[in-house]
Amino acid sequence: MFSTAARALASRSLPRAPSILPPSRSMLTVSRLSPSVAELTLDKAPANTLSLEMALAFSAAVSEIEADPSVTALLLRSSSTKIFSAGLDISEMSGPEPARLADFWRAIQGTYLSLYSSRLATVACIEGHAPAGGCLLSLMADYRIMTGGGPRIGLNETALGIAAPYWLKDMFVETVGRRNAELALLKGTLFTGEEALAVGLVDEVLPLEEVYPRAKEEVLKLARIPAKGRAETKRLLRGAAVDELLAGREADVAWFTEFVLEEGTQKGIKAYLDSLKKK
Ligand SMILES: CCCCCCCCCC/C=C/CC(=O)SCCNC(=O)CCNC(=O)[C@H](O)C(C)(C)COP(=O)(O)OP(=O)(O)OC[C@H]1O[C@@H](n2cnc3c(N)ncnc32)[C@H](O)[C@@H]1OP(=O)(O)O
């Protein structure tokens with residue numbers, strides 16, 4: 001488990017301004033696969049994009065699941081077999097109000113802090129597309145199982161004229177290795193499941209109908225690993241990255257907001273959003 005001080009700092013830094021809506025649970029559902037395994041389903045049609053409200057609801061749900069000591073593992077999935085998550089809600093970054101943009105980014109940081117540092121064993125069941133923030137969300141889990149053939153996964157931020165922040169880029173580099181990461185990030189590559197498996201971005205690839213049953217099997221297996229040893233191992237593996245973000249959280253907010261508010265970035269984001277809507 002991560003230090004109490006770090007956790008307190010993480011939750012204290014989440015947006016609390018009165019203008020922010022309370023976390024809505026209608027975008028997510030939480031259920032139990034067994035007494036010790038929770039399932040968190042992203043359920044925000046049409047694309048499970050990460051708006052400010054979705055990010056707040058996500059972190060709140062993970063924290064609530066973790067607060068129950070009988071839960072040792074978490075399965076993360078989407079209610080859609082076509083889209084796991086299309087990443088950040090691009091409309092949050094198009095012509096944004098600066099204070100909301102800053103709160104949006106703090107809430108995105110919160111999703112990372114809650115899931116990547118979770119004491120739980122976590123499995124991502126990626127049945128559909130997982131571009132950009134959808135890919136990063138799955139990287140915050142301990143194990144990834146994806147559908148072969150159709151759906152794509154990867155970090156295509158460069159196509160939007162933006163860059164993944166260092167703490168998310170680092171997760172990608174740690175997972176696929178330096179050279180694979182450079183090639184993929186600079187080109188904005190979106191991989192098929194099979195290609196993702198080849199670079200180590202996912203751990204298993206299966207036909208769609210087998211992905212969820214296999215993910216359930218894996219999470220139930222991981223739930224039986226002694227919880228204390230696993231939590232401490234995760235802390236040893238990920239604690240430094242989490243602490244680095246906690247120490248530089250507001251500097252990261254400043255980097256993100258300045259970058260997004262630049263005129264050139266705004267033009268690129270608007271053009272990308274328009275192209276998505278015209279599809
Ligand atoms: C709980 C999640 C936690 C995540 C935490 C990680 C945080 C990481 C932060 C790091 C930075 C990340 C940057 C980003 O994420 S930027 C977003 C980049 N995303 C994309 O480029 C994906 C864009 N979408 C697509 O390519 C496709 O939608 C799809 C996923 C391949 C699916 O295609 P499909 O044909 O099935 O569906 P449509 O394209 O018709 O989409 C349906 C409607 O949804 C709208 N849409 C899709 N994606 C987004 C988006 N990212 N933001 C806003 N709106 C989106 C699309 O316009 C359609 O709307 P419409 O029905 O009104 O036309």
# chains A, B, ... in the order shown; residues from 1 in each chain; ligands from 1
call {"tool": "residues_near_ligand", "arguments": {"ligand": "ligand 1", "cutoff": "7 Å", "atoms": "only C-alpha atoms and all ligand atoms", "output": "ChimeraX atom specification"}}
result
/A:42,46-47,49-50,54-55,58,82-83,85-91,108,111-112,129-134,136-137,156-157,164-165,168,273,276-279
call {"tool": "residues_around", "arguments": {"residues": "region 169-178 of chain A", "least_positions_apart": "2", "cutoff": "7 Å", "atoms": "only C-alpha atoms", "output": "PyMOL selection string"}}
result
chain A and resi 139+164-167+180-182+199-201
call {"tool": "write_last_selection", "arguments": {"atoms": "C-alpha atoms", "output": "CSV table (one decimal), in the first residue's frame"}}
result
chain,number,residue,atom,x,y,z
A,139,LEU,CA,-1.7,0.6,-18.6
A,164,ALA,CA,1.2,12.5,-23.3
A,165,PRO,CA,2.6,13.9,-20.0
A,166,TYR,CA,5.8,12.5,-18.6
A,167,TRP,CA,4.1,10.3,-15.9
A,180,ASN,CA,9.3,0.6,-29.2
A,181,ALA,CA,7.9,3.6,-27.2
A,182,GLU,CA,9.8,6.1,-29.3
A,199,VAL,CA,5.5,-5.2,-28.4
A,200,GLY,CA,4.3,-6.1,-24.9
A,201,LEU,CA,1.6,-3.5,-24.7
call {"tool": "closest_residue", "arguments": {"among": "A:Gln266, A:Thr189, A:Thr122, A:Thr158", "to": "Leu76 (chain A)", "atoms": "only C-alpha atoms"}}
result
A:Thr122
call {"tool": "select_by_dssp", "arguments": {"residues": "region 3-134 of chain A", "states": "strand (DSSP E)", "output": "list in words"}}
result
Leu28, Thr29, Val30, Ser31, Arg32, Leu33, Ser34, Val37, Ala38, Glu39, Leu40, Thr41, Leu42, Ala73, Leu74, Leu75, Leu76, Arg77, Ser78, Ala121, Thr122, Val123, Ala124, Cys125, Ile126, Ala130 and Pro131 of chain A
call {"tool": "atom_distance", "arguments": {"atom1": "CA of Val219 (chain A)", "atom2": "CA of Asp243 (chain A)"}}
result
26.8 Å
call {"tool": "select_by_dssp", "arguments": {"residues": "region 28-85 of chain A", "states": "alpha helix (DSSP H)", "output": "list in words"}}
result
Leu52, Glu53, Met54, Ala55, Leu56, Ala57, Phe58, Ser59, Ala60, Ala61, Val62, Ser63, Glu64, Ile65, Glu66 and Ala67 of chain A
call {"tool": "closest_residue", "arguments": {"among": "A:Thr147, A:Ser94, A:Ser70, A:Asn48", "to": "Arg214 (chain A)", "atoms": "only C-alpha atoms"}}
result
A:Thr147
call {"tool": "residues_around", "arguments": {"residues": "Ser36 (chain A)", "least_positions_apart": "6", "cutoff": "12 Å", "atoms": "only C-alpha atoms", "output": "ChimeraX atom specification"}}
result
/A:65-66,68-75,120-121,219-225,227
call {"tool": "residues_around", "arguments": {"residues": "Leu28 (chain A)", "least_positions_apart": "3", "cutoff": "8 Å", "atoms": "only C-alpha atoms", "output": "VMD selection string"}}
result
chain A and resid 25 40 to 44 57 to 58
call {"tool": "write_last_selection", "arguments": {"atoms": "C-alpha atoms", "output": "short mmCIF file (atom, residue, chain, number, x, y, z; two decimals), in the first residue's frame"}}
result
data_model
loop_
_atom_site.label_atom_id
_atom_site.label_comp_id
_atom_site.auth_asym_id
_atom_site.auth_seq_id
_atom_site.Cartn_x
_atom_site.Cartn_y
_atom_site.Cartn_z
CA ARG A 25 -22.08 7.21 -10.73
CA LEU A 40 -15.84 -1.61 -12.52
CA THR A 41 -17.60 -1.02 -15.84
CA LEU A 42 -17.20 2.17 -17.86
CA ASP A 43 -20.68 3.02 -19.08
CA LYS A 44 -20.63 6.44 -20.69
CA ALA A 57 -16.41 9.49 -10.74
CA PHE A 58 -13.71 6.99 -11.75
#
call {"tool": "closest_residue", "arguments": {"among": "A:Phe259, A:Pro151, A:Ser117, A:Gly188", "to": "Ala240 (chain A)", "atoms": "only C-alpha atoms"}}
result
A:Ser117
call {"tool": "closest_residue", "arguments": {"among": "A:Ala196, A:Ala163, A:Val253, A:Ala124", "to": "Gly149 (chain A)", "atoms": "only C-alpha atoms"}}
result
A:Ala196
call {"tool": "residues_around", "arguments": {"residues": "Ala254 (chain A)", "least_positions_apart": "5", "cutoff": "10 Å", "atoms": "only C-alpha atoms", "output": "PyMOL selection string"}}
result
chain A and resi 102+105+249+259-260
call {"tool": "write_last_selection", "arguments": {"atoms": "N, CA and C atoms", "output": "PDB file, in the first residue's frame"}}
result
ATOM      1  N   ALA A 102      -7.892  23.335 -15.864  1.00  0.00           N
ATOM      2  CA  ALA A 102      -6.953  22.952 -14.789  1.00  0.00           C
ATOM      3  C   ALA A 102      -7.585  21.885 -13.889  1.00  0.00           C
ATOM      4  N   TRP A 105      -7.533  18.548 -15.620  1.00  0.00           N
ATOM      5  CA  TRP A 105      -6.245  17.854 -15.594  1.00  0.00           C
ATOM      6  C   TRP A 105      -5.950  17.274 -14.203  1.00  0.00           C
ATOM      7  N   ARG A 249       2.697  18.082  -8.906  1.00  0.00           N
ATOM      8  CA  ARG A 249       1.343  18.040  -9.479  1.00  0.00           C
ATOM      9  C   ARG A 249       0.924  19.366 -10.118  1.00  0.00           C
ATOM     10  N   PHE A 259       0.043  24.386 -22.615  1.00  0.00           N
ATOM     11  CA  PHE A 259       0.166  23.695 -23.903  1.00  0.00           C
ATOM     12  C   PHE A 259      -1.184  23.676 -24.632  1.00  0.00           C
ATOM     13  N   VAL A 260      -2.228  23.326 -23.915  1.00  0.00           N
ATOM     14  CA  VAL A 260      -3.546  23.182 -24.551  1.00  0.00           C
ATOM     15  C   VAL A 260      -4.109  24.539 -24.969  1.00  0.00           C
TER      16      VAL A 260
END
